[in-house]
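Here's start-v2.csv, which has CSV, C-alpha atoms and all ligand atoms:
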chain,number,residue,atom,x,y,z
A,961,MET,CA,-17.9,-8.9,6.1
A,962,LYS,CA,-15.9,-6.9,3.5
A,963,ASN,CA,-12.9,-7.5,1.4
A,964,PHE,CA,-10.0,-5.0,1.0
A,965,ILE,CA,-8.7,-5.8,-2.5
A,966,ASN,CA,-8.7,-2.6,-4.5
A,967,LEU,CA,-9.3,0.9,-3.3
A,968,LYS,CA,-11.6,1.7,-6.2
A,969,ASP,CA,-14.1,-0.8,-4.8
A,970,ILE,CA,-14.3,0.7,-1.4
A,971,THR,CA,-16.4,3.9,-0.7
A,972,SER,CA,-14.6,7.2,0.1
A,973,LYS,CA,-16.6,7.2,3.3
A,974,ASP,CA,-15.3,3.8,4.4
A,975,LEU,CA,-11.7,4.7,3.5
A,976,ARG,CA,-12.0,7.9,5.5
A,977,LYS,CA,-13.4,5.9,8.5
A,978,ILE,CA,-10.4,3.6,8.3
A,979,ILE,CA,-8.0,6.6,8.6
A,980,LEU,CA,-10.0,8.2,11.4
A,981,ASP,CA,-10.1,4.9,13.4
A,982,ALA,CA,-6.3,4.4,12.9
A,983,LYS,CA,-5.7,7.9,14.2
A,984,LYS,CA,-7.8,7.3,17.3
A,985,ARG,CA,-6.1,4.0,18.0
A,986,LYS,CA,-2.6,5.4,17.5
A,987,ASN,CA,-3.3,8.2,20.0
A,988,LYS,CA,-4.7,5.9,22.6
A,989,ARG,CA,-1.6,3.6,22.4
A,990,ALA,CA,0.9,6.3,23.3
A,991,LYS,CA,1.9,4.6,26.5
A,992,LEU,CA,1.4,0.9,25.6
A,993,SER,CA,4.1,-1.6,24.7
A,994,THR,CA,4.3,-3.4,21.4
A,995,LEU,CA,2.3,-6.4,22.3
A,996,ASP,CA,-0.2,-4.8,24.7
A,997,THR,CA,-3.7,-5.0,23.3
A,998,ASP,CA,-5.7,-1.9,22.5
A,999,ARG,CA,-7.9,-1.3,25.6
A,1000,ASP,CA,-11.2,-2.3,23.8
A,1001,ILE,CA,-9.6,-5.7,22.6
A,1002,PRO,CA,-12.0,-5.7,19.6
A,1003,LEU,CA,-10.8,-9.0,18.1
A,1004,LYS,CA,-10.2,-11.2,21.1
A,1005,ASN,CA,-9.3,-14.7,20.1
A,1006,LYS,CA,-9.7,-14.1,16.3
A,1007,LEU,CA,-7.2,-15.7,13.9
A,1008,LEU,CA,-5.6,-14.0,11.0
A,1009,ILE,CA,-3.9,-16.2,8.4
A,1010,GLN,CA,-1.5,-14.6,5.9
A,1011,MET,CA,0.3,-16.1,3.0
A,1012,PHE,CA,3.1,-14.6,1.1
A,1013,GLU,CA,4.1,-15.8,-2.4
A,1014,LYS,CA,6.6,-13.0,-2.6
A,1015,ASN,CA,9.0,-11.5,-0.1
A,1016,SER,CA,7.7,-9.1,2.6
A,1017,LEU,CA,9.2,-7.5,5.7
A,1018,ARG,CA,6.8,-4.6,6.5
A,1019,THR,CA,3.5,-6.0,5.4
A,1020,ARG,CA,3.9,-9.3,7.2
A,1021,LEU,CA,5.2,-7.8,10.4
A,1022,SER,CA,2.7,-5.0,10.5
A,1023,PHE,CA,-0.3,-7.3,10.0
A,1024,TYR,CA,1.1,-9.6,12.6
A,1025,LEU,CA,1.4,-6.8,15.2
A,1026,ALA,CA,-2.0,-5.4,14.1
A,1027,ILE,CA,-4.0,-8.5,14.9
A,1028,LYS,CA,-2.0,-9.1,18.1
A,1029,GLN,CA,-2.8,-5.5,19.3
A,1030,LEU,CA,-6.5,-6.1,18.5
A,1031,GLY,CA,-6.5,-9.1,20.8
A,1032,GLY,CA,-6.2,-11.9,18.1
A,1033,SER,CA,-3.5,-14.1,16.8
A,1034,ALA,CA,-1.7,-14.6,13.4
A,1035,LEU,CA,-0.3,-17.5,11.5
A,1036,THR,CA,1.9,-16.9,8.4
A,1037,LEU,CA,2.0,-19.4,5.6
A,1038,ARG,CA,4.4,-19.9,2.7
A,1039,PRO,CA,3.0,-21.5,-0.4
A,1040,ASP,CA,5.7,-24.2,-0.4
A,1041,GLU,CA,4.8,-25.5,3.0
A,1042,ILE,CA,1.1,-26.2,2.1
A,1043,HIS,CA,0.0,-28.2,-0.9
A,1044,LEU,CA,-0.4,-25.1,-3.2
A,1045,LYS,CA,3.0,-24.7,-4.8
A,1046,ASN,CA,3.4,-28.3,-6.0
A,1047,GLY,CA,-0.2,-28.2,-7.4
A,1048,ASN,CA,-1.4,-30.9,-5.1
A,1049,GLU,CA,-4.4,-29.0,-3.8
A,1050,PRO,CA,-6.6,-26.5,-5.7
A,1051,LEU,CA,-6.7,-23.0,-4.3
A,1052,SER,CA,-10.5,-23.2,-4.1
A,1053,ASP,CA,-10.3,-26.1,-1.7
A,1054,ILE,CA,-7.6,-24.4,0.3
A,1055,ALA,CA,-9.9,-21.3,0.6
A,1056,LYS,CA,-12.7,-23.5,2.1
A,1057,ILE,CA,-10.3,-24.9,4.7
A,1058,ILE,CA,-8.9,-21.5,5.6
A,1059,SER,CA,-12.4,-20.2,5.9
A,1060,SER,CA,-13.3,-22.8,8.5
A,1061,TYR,CA,-10.1,-22.3,10.6
A,1062,ALA,CA,-9.6,-18.5,10.4
A,1063,ASP,CA,-11.4,-15.2,10.6
A,1064,ILE,CA,-9.5,-13.2,8.0
A,1065,PHE,CA,-7.0,-14.0,5.2
A,1066,ILE,CA,-4.3,-11.9,3.6
A,1067,LEU,CA,-2.6,-12.8,0.4
A,1068,ARG,CA,0.5,-11.4,-1.3
A,1069,THR,CA,0.7,-12.8,-4.8
A,1070,ASP,CA,2.1,-12.5,-8.3
A,1071,ASP,CA,-1.1,-13.7,-9.8
A,1072,GLU,CA,-4.2,-11.5,-10.0
A,1073,LYS,CA,-6.3,-14.6,-10.8
A,1074,LYS,CA,-5.6,-16.0,-7.3
A,1075,ILE,CA,-7.1,-12.9,-5.7
A,1076,LYS,CA,-10.2,-13.4,-7.8
A,1077,LEU,CA,-10.4,-17.1,-7.1
A,1078,LEU,CA,-10.0,-16.6,-3.4
A,1079,LYS,CA,-12.6,-13.8,-3.4
A,1080,GLU,CA,-15.1,-16.3,-4.9
A,1081,ASN,CA,-14.3,-19.2,-2.5
A,1082,LEU,CA,-13.4,-17.7,0.8
A,1083,LYS,CA,-16.2,-17.2,3.4
A,1084,ILE,CA,-14.0,-14.8,5.4
A,1085,PRO,CA,-12.7,-11.4,4.4
A,1086,LEU,CA,-9.7,-11.2,2.0
A,1087,ILE,CA,-7.1,-8.5,2.2
A,1088,ASN,CA,-4.8,-7.9,-0.7
A,1089,GLY,CA,-1.3,-7.7,0.7
A,1090,LEU,CA,0.1,-6.7,-2.7
A,1091,SER,CA,-0.7,-8.1,-6.2
A,1092,PRO,CA,0.6,-7.2,-9.6
A,1093,ASP,CA,-2.1,-4.6,-10.0
A,1094,SER,CA,-2.5,-3.2,-6.5
A,1095,HIS,CA,-1.0,-2.4,-3.1
A,1096,PRO,CA,-4.0,-0.9,-1.3
A,1097,ALA,CA,-2.9,-1.3,2.3
A,1098,GLN,CA,0.3,0.6,1.5
A,1099,ILE,CA,-1.5,3.6,0.0
A,1100,ILE,CA,-4.2,4.0,2.7
A,1101,SER,CA,-1.4,3.9,5.3
A,1102,ASP,CA,0.6,6.5,3.3
A,1103,ILE,CA,-2.4,8.8,3.2
A,1104,PHE,CA,-2.6,8.5,7.0
A,1105,THR,CA,1.1,9.4,7.2
A,1106,ILE,CA,0.8,12.4,4.8
A,1107,GLU,CA,-2.1,13.9,6.8
A,1108,GLU,CA,-0.4,13.2,10.1
A,1109,ILE,CA,2.8,15.1,9.0
A,1110,LYS,CA,1.1,17.8,7.0
A,1111,LYS,CA,-1.8,18.3,9.4
A,1112,LYS,CA,-4.2,18.9,6.5
A,1113,PRO,CA,-6.6,16.7,4.5
A,1114,ILE,CA,-4.8,15.2,1.5
A,1115,SER,CA,-7.4,17.0,-0.7
A,1116,ASN,CA,-5.6,20.3,0.1
A,1117,LEU,CA,-2.2,19.0,-0.9
A,1118,ASN,CA,-0.3,18.5,-4.2
A,1119,ILE,CA,0.9,14.9,-4.5
A,1120,CYS,CA,3.5,13.8,-7.0
A,1121,TRP,CA,4.6,10.3,-8.0
A,1122,VAL,CA,8.0,10.0,-9.6
A,1123,GLY,CA,8.8,6.6,-10.9
A,1124,ASP,CA,7.5,3.3,-12.4
A,1125,SER,CA,3.9,2.7,-13.2
A,1126,ASN,CA,3.4,-0.2,-10.9
A,1127,ASN,CA,1.0,-1.7,-8.3
A,1128,VAL,CA,1.7,1.1,-5.8
A,1129,LEU,CA,1.0,3.8,-8.3
A,1130,ASN,CA,-2.3,2.0,-9.4
A,1131,SER,CA,-3.5,2.2,-5.8
A,1132,LEU,CA,-2.4,5.8,-5.5
A,1133,MET,CA,-4.3,6.7,-8.6
A,1134,GLU,CA,-7.4,5.1,-7.3
A,1135,ALA,CA,-6.9,6.9,-4.0
A,1136,SER,CA,-6.7,10.2,-5.8
A,1137,VAL,CA,-10.3,9.7,-6.9
A,1138,LYS,CA,-11.5,8.4,-3.5
A,1139,PHE,CA,-9.9,11.3,-1.5
A,1140,SER,CA,-10.1,13.9,-4.3
A,1141,PHE,CA,-6.5,15.0,-4.3
A,1142,LYS,CA,-4.3,16.4,-7.1
A,1143,LEU,CA,-1.8,13.9,-8.4
A,1144,ASN,CA,1.0,14.5,-10.8
A,1145,ILE,CA,2.6,11.4,-12.2
A,1146,ALA,CA,6.2,11.8,-13.6
A,1147,CYS,CA,7.4,8.8,-15.6
A,1148,PRO,CA,9.1,8.0,-18.9
A,1149,LYS,CA,6.8,7.8,-21.9
A,1150,ASP,CA,7.3,4.0,-22.4
A,1151,TYR,CA,6.3,3.4,-18.7
A,1152,SER,CA,3.0,5.3,-18.6
A,1153,PRO,CA,0.3,4.4,-16.1
A,1154,ASN,CA,-2.0,1.4,-16.4
A,1155,LYS,CA,-4.5,2.4,-19.2
A,1156,SER,CA,-7.7,0.8,-17.7
A,1157,ILE,CA,-7.1,2.3,-14.2
A,1158,PHE,CA,-6.3,5.7,-15.7
A,1159,LYS,CA,-9.5,5.5,-17.7
A,1160,TRP,CA,-11.5,4.6,-14.6
A,1161,CYS,CA,-9.9,7.6,-12.8
A,1162,LYS,CA,-10.7,10.0,-15.6
A,1163,LYS,CA,-14.3,8.7,-15.7
A,1164,ASN,CA,-14.5,9.4,-12.0
A,1165,ASN,CA,-13.3,13.0,-12.1
A,1166,SER,CA,-9.7,12.4,-11.1
A,1167,LYS,CA,-7.2,15.3,-10.8
A,1168,ILE,CA,-4.4,13.3,-12.4
A,1169,LYS,CA,-1.8,14.9,-14.7
A,1170,ILE,CA,0.9,12.9,-16.4
A,1171,PHE,CA,4.4,14.4,-17.1
A,1172,HIS,CA,7.3,12.8,-19.0
A,1173,ASN,CA,9.6,15.3,-17.4
A,1174,ALA,CA,10.3,14.8,-13.7
A,1175,LYS,CA,11.1,18.5,-13.0
A,1176,LYS,CA,7.8,19.6,-14.4
A,1177,GLY,CA,6.0,16.9,-12.5
A,1178,VAL,CA,7.3,17.9,-9.0
A,1179,VAL,CA,6.7,21.7,-9.4
A,1180,ASN,CA,4.7,22.8,-6.3
A,1181,ALA,CA,4.6,19.3,-4.8
A,1182,ASP,CA,3.8,19.0,-1.0
A,1183,VAL,CA,4.6,15.3,-1.2
A,1184,ILE,CA,6.7,13.2,-3.5
A,1185,LEU,CA,6.3,9.4,-3.5
A,1186,THR,CA,8.4,6.9,-5.3
A,1187,ASP,CA,9.1,3.2,-5.5
A,1188,LYS,CA,11.6,0.8,-7.0
A,1189,VAL,CA,12.1,0.9,-10.8
A,1190,ILE,CA,12.3,-2.9,-10.8
A,1191,SER,CA,9.5,-4.4,-8.7
A,1192,MET,CA,9.6,-8.0,-7.3
A,1193,ASN,CA,9.5,-10.5,-10.1
A,1194,ASP,CA,9.4,-7.7,-12.7
A,1195,LYS,CA,10.0,-9.6,-15.9
A,1196,VAL,CA,11.6,-6.8,-17.9
A,1197,LYS,CA,14.9,-6.1,-19.5
A,1198,LYS,CA,16.3,-4.5,-16.3
A,1199,LEU,CA,19.2,-2.6,-17.7
A,1200,LYS,CA,17.1,-1.0,-20.5
A,1201,LYS,CA,14.4,0.0,-18.0
A,1202,ILE,CA,16.9,1.5,-15.5
A,1203,LYS,CA,18.4,3.6,-18.3
A,1204,LYS,CA,15.0,5.0,-19.2
A,1205,PHE,CA,14.5,6.1,-15.6
A,1206,LYS,CA,17.8,8.0,-15.5
A,1207,ASN,CA,16.2,11.4,-15.3
A,1208,PHE,CA,13.5,10.3,-12.8
A,1209,LYS,CA,15.8,9.9,-9.8
A,1210,ILE,CA,14.8,11.7,-6.6
A,1211,ASN,CA,17.8,13.7,-5.8
A,1212,LYS,CA,18.7,17.2,-4.5
A,1213,SER,CA,18.5,18.9,-7.8
A,1214,LEU,CA,15.0,17.4,-8.5
A,1215,ILE,CA,13.4,18.3,-5.2
A,1216,LYS,CA,14.4,21.9,-5.6
A,1217,PHE,CA,11.5,22.2,-7.9
A,1218,ALA,CA,9.0,21.1,-5.3
A,1219,LYS,CA,7.7,23.2,-2.4
A,1220,LYS,CA,10.3,24.0,0.2
A,1221,ASP,CA,8.6,22.0,2.9
A,1222,CYS,CA,8.0,19.0,0.6
A,1223,ILE,CA,8.3,15.6,2.1
A,1224,ILE,CA,9.4,12.4,0.4
A,1225,LEU,CA,7.8,8.9,0.9
A,1226,HIS,CA,8.9,5.5,-0.3
A,1227,CYS,CA,7.1,2.3,0.5
A,1228,LEU,CA,10.4,0.4,0.7
A,1229,PRO,CA,12.5,-1.5,0.0
A,1230,ARG,CA,14.4,1.0,-2.0
A,1231,GLY,CA,16.7,0.8,-5.0
A,1232,ASN,CA,18.6,3.5,-6.9
A,1233,GLU,CA,15.6,5.7,-7.6
A,1234,ILE,CA,16.4,7.9,-4.6
A,1235,SER,CA,19.8,9.3,-3.8
A,1236,ASP,CA,21.3,8.5,-0.4
A,1237,GLN,CA,21.5,12.2,0.3
A,1238,VAL,CA,17.7,12.7,0.0
A,1239,PHE,CA,16.9,9.4,1.6
A,1240,ASN,CA,18.9,10.3,4.7
A,1241,SER,CA,17.6,13.9,4.8
A,1242,LYS,CA,14.9,15.3,7.1
A,1243,LYS,CA,12.5,15.5,4.2
A,1244,CYS,CA,12.4,11.8,3.9
A,1245,LYS,CA,9.8,10.3,6.3
A,1246,VAL,CA,10.1,6.6,5.4
A,1247,TRP,CA,10.5,5.3,9.0
A,1248,GLN,CA,7.4,7.1,10.2
A,1249,GLN,CA,5.6,5.9,7.1
A,1250,ALA,CA,6.6,2.2,7.7
A,1251,SER,CA,5.8,2.3,11.4
A,1252,ASN,CA,2.3,3.8,10.8
A,1253,ARG,CA,1.4,0.7,8.8
A,1254,VAL,CA,0.7,-1.2,12.1
A,1255,CYS,CA,-2.1,1.1,13.2
A,1256,VAL,CA,-3.6,1.4,9.8
A,1257,GLN,CA,-3.6,-2.3,9.2
A,1258,LYS,CA,-5.6,-2.6,12.4
A,1259,SER,CA,-8.3,-0.4,11.1
A,1260,ILE,CA,-8.3,-2.2,7.8
A,1261,ILE,CA,-8.9,-5.5,9.6
A,1262,LEU,CA,-11.6,-4.0,11.7
A,1263,PHE,CA,-13.3,-2.5,8.5
A,1264,CYS,CA,-13.3,-6.0,7.0
A,1265,LEU,CA,-14.9,-7.5,10.0
A,1266,ASN,CA,-17.5,-4.8,10.3
A,1267,LYS,CA,-16.1,-3.6,13.6
A,1268,LEU,CA,-15.1,-0.1,12.8
A,1269,ARG,CA,-16.5,2.3,15.4
A,1301,LIG,N1,6.2,-1.7,1.5
A,1301,LIG,C1,6.0,-3.0,1.7
A,1301,LIG,O1,4.9,-3.5,1.4
A,1301,LIG,O2,7.1,-3.7,2.2
A,1301,LIG,P1,7.3,-5.3,2.2
A,1301,LIG,O3,7.4,-5.7,0.8
A,1301,LIG,O4,8.5,-5.4,3.1
A,1301,LIG,O5,6.1,-5.9,2.9
A,1302,LIG,N1,6.3,-2.2,-6.4
A,1302,LIG,C1,6.9,-3.0,-5.4
A,1302,LIG,C2,6.4,-2.7,-4.1
A,1302,LIG,C3,7.1,-3.4,-2.9
A,1302,LIG,C4,6.4,-3.2,-1.6
A,1302,LIG,C5,6.8,-4.5,-5.8
A,1302,LIG,O1,5.8,-4.9,-6.2
A,1302,LIG,O2,7.8,-5.2,-5.6
Could I get this structure in the form of structure tokens?
Amino acid sequence: MKNFINLKDITSKDLRKIILDAKKRKNKRAKLSTLDTDRDIPLKNKLLIQMFEKNSLRTRLSFYLAIKQLGGSALTLRPDEIHLKNGNEPLSDIAKIISSYADIFILRTDDEKKIKLLKENLKIPLINGLSPDSHPAQIISDIFTIEEIKKKPISNLNICWVGDSNNVLNSLMEASVKFSFKLNIACPKDYSPNKSIFKWCKKNNSKIKIFHNAKKGVVNADVILTDKVISMNDKVKKLKKIKKFKNFKINKSLIKFAKKDCIILHCLPRGNEISDQVFNSKKCKVWQQASNRVCVQKSIILFCLNKLR
């Protein structure tokens, strides 16, 4: 069994296998309905339990559909309906119980320590469904979408991130090493990328460049990605932060500096970091991006259970 916690801890070969498997599975489902299982039914009668300590629409639904399409079932927990939130049961005990009932566990949390504790105590694979430091399932799926639209390996494309230095960017930086693609990061000086992840990337031959001017960052971009300036439970002075990002909004005048056929991705939900005009334009591929998460989650689950073909 394998965990899916941070992209930096998974080999490039395995990450590529996940994308290839997702592609094959997506192609084979063209005529199937939402709840039809994939023909090979690889996870018949397996149970996925997922718990969300923070809100989620896409991640919870896509993992639900993913396990159903693989032939298994899903149960979604909230921390306030078990004994975790009121402190009446240690997470280490909960991990042991979950291990004896389920085959795979997904956690979305605000606390990196919980991921570590679960990793140590679960006897089944753990998937990180978003933590303060990482959103690996989002980024692997976004790479799938980019290659699907651009019909080229991501290593041949110029990727640009415009926005906050958050969990999604951390996973994107790690991915830039694993998939060897050029990544420009455009962000205000006071909101520069996570130092230790940036250091790890540099040590591992990353092709990352940081810009504190959005226009310079997007020059020649094939793909621009962004995310909310204020993430869930972001404990910052919101107004001050939003002001600092004033010149980092994805709007028509900014994307003029990118390649003509540049596409825009956003993990969603969105805030004011993207104009309605760009969001509603043909360049913005967020619906395809979100729907692809189902087929990529399937291959992530299969990877964790050593079932990738
Ligand atoms: N992009 C993403 O993870 O969406 P949710 O927060 O709705 O799961
Ligand atoms: N950075 C965002 C991503 C949401 C999917 C957050 O953590 O809230």
Write out as a VMD selection string each polymer residue (protein, DNA or RNA) that has an atom no more than 8 Å from ligand LIG 1301 (chain A), with only C-alpha atoms and all ligand atoms counted. chain A and resid 1015 to 1021 1089 to 1090 1095 1098 1226 to 1229 1250
Could you pull the residues within 10 Å of Lys1201 of chain A, counting only C-alpha atoms, minus those fewer than 2 positions along the same chain, as a PDB file with C-alpha atoms, in the coordinates of the input?
ATOM      1  CA  ASP A1124       7.500   3.300 -12.400  1.00  0.00           C
ATOM      2  CA  PRO A1148       9.100   8.000 -18.900  1.00  0.00           C
ATOM      3  CA  ASP A1150       7.300   4.000 -22.400  1.00  0.00           C
ATOM      4  CA  TYR A1151       6.300   3.400 -18.700  1.00  0.00           C
ATOM      5  CA  VAL A1189      12.100   0.900 -10.800  1.00  0.00           C
ATOM      6  CA  ILE A1190      12.300  -2.900 -10.800  1.00  0.00           C
ATOM      7  CA  VAL A1196      11.600  -6.800 -17.900  1.00  0.00           C
ATOM      8  CA  LYS A1197      14.900  -6.100 -19.500  1.00  0.00           C
ATOM      9  CA  LYS A1198      16.300  -4.500 -16.300  1.00  0.00           C
ATOM     10  CA  LEU A1199      19.200  -2.600 -17.700  1.00  0.00           C
ATOM     11  CA  LYS A1203      18.400   3.600 -18.300  1.00  0.00           C
ATOM     12  CA  LYS A1204      15.000   5.000 -19.200  1.00  0.00           C
ATOM     13  CA  PHE A1205      14.500   6.100 -15.600  1.00  0.00           C
ATOM     14  CA  LYS A1206      17.800   8.000 -15.500  1.00  0.00           C
TER      15      LYS A1206
END
Can you list, as a PyMOL selection string, every protein, DNA or RNA residue that comes within 12 Å of Ile1058 of chain A when you count all atoms listed in the file, leaving out same-chain residues fewer than 4 positions away? chain A and resi 1007-1011+1035+1037+1042+1051-1054+1062-1067+1078+1081-1086
Name the residues, by chain letter and number, that sit within 6 Å of ligand LIG 1302 (chain A) using only C-alpha atoms and all ligand atoms, and give them as an NGL selection string. :A and (1126-1128 or 1191-1192 or 1227-1228)
Give me the residues within 10 Å of Asn1193 of chain A as a PyMOL selection string, counting all atoms listed in the file and dropping any in the same chain fewer than 4 places off. chain A and resi 1014+1070+1092
Can you write just those residues out, C-alpha atoms, as an mmCIF file, in the frame of the given file?
data_model
loop_
_atom_site.group_PDB
_atom_site.id
_atom_site.type_symbol
_atom_site.label_atom_id
_atom_site.label_comp_id
_atom_site.auth_asym_id
_atom_site.auth_seq_id
_atom_site.Cartn_x
_atom_site.Cartn_y
_atom_site.Cartn_z
ATOM 1 C CA LYS A 1014 6.600 -13.000 -2.600
ATOM 2 C CA ASP A 1070 2.100 -12.500 -8.300
ATOM 3 C CA PRO A 1092 0.600 -7.200 -9.600
#
With a distance cut-off of 10 Å and only C-alpha atoms, select the neighbouring residues of Ile1261 of chain A, excluding the residue or stretch itself and same-chain residues fewer than 4 positions from it, and output the selection as number ranges by chain. A: 962-964, 978, 1003, 1008, 1023, 1026-1027, 1030, 1064-1066, 1085-1087, 1256-1257, 1265-1268
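Atom pair atom CA of Lys1079 of chain A / atom CA of Asn1252 of chain A: separated by 27.1 Å.
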Taking 2 positions as the minimum chain separation for residues in the same chain, which residues sit within 12 Å of Asp1000 of chain A when counting all atoms listed in the file? Answer as a list in words.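 Skipping anything fewer than 2 positions along the chain leaves Arg985, Lys988, Arg989, Asp996, Thr997, Asp998, Pro1002, Leu1003, Lys1004, Gln1029, Leu1030, Gly1031, Lys1267, Leu1268 and Arg1269 of chain A.
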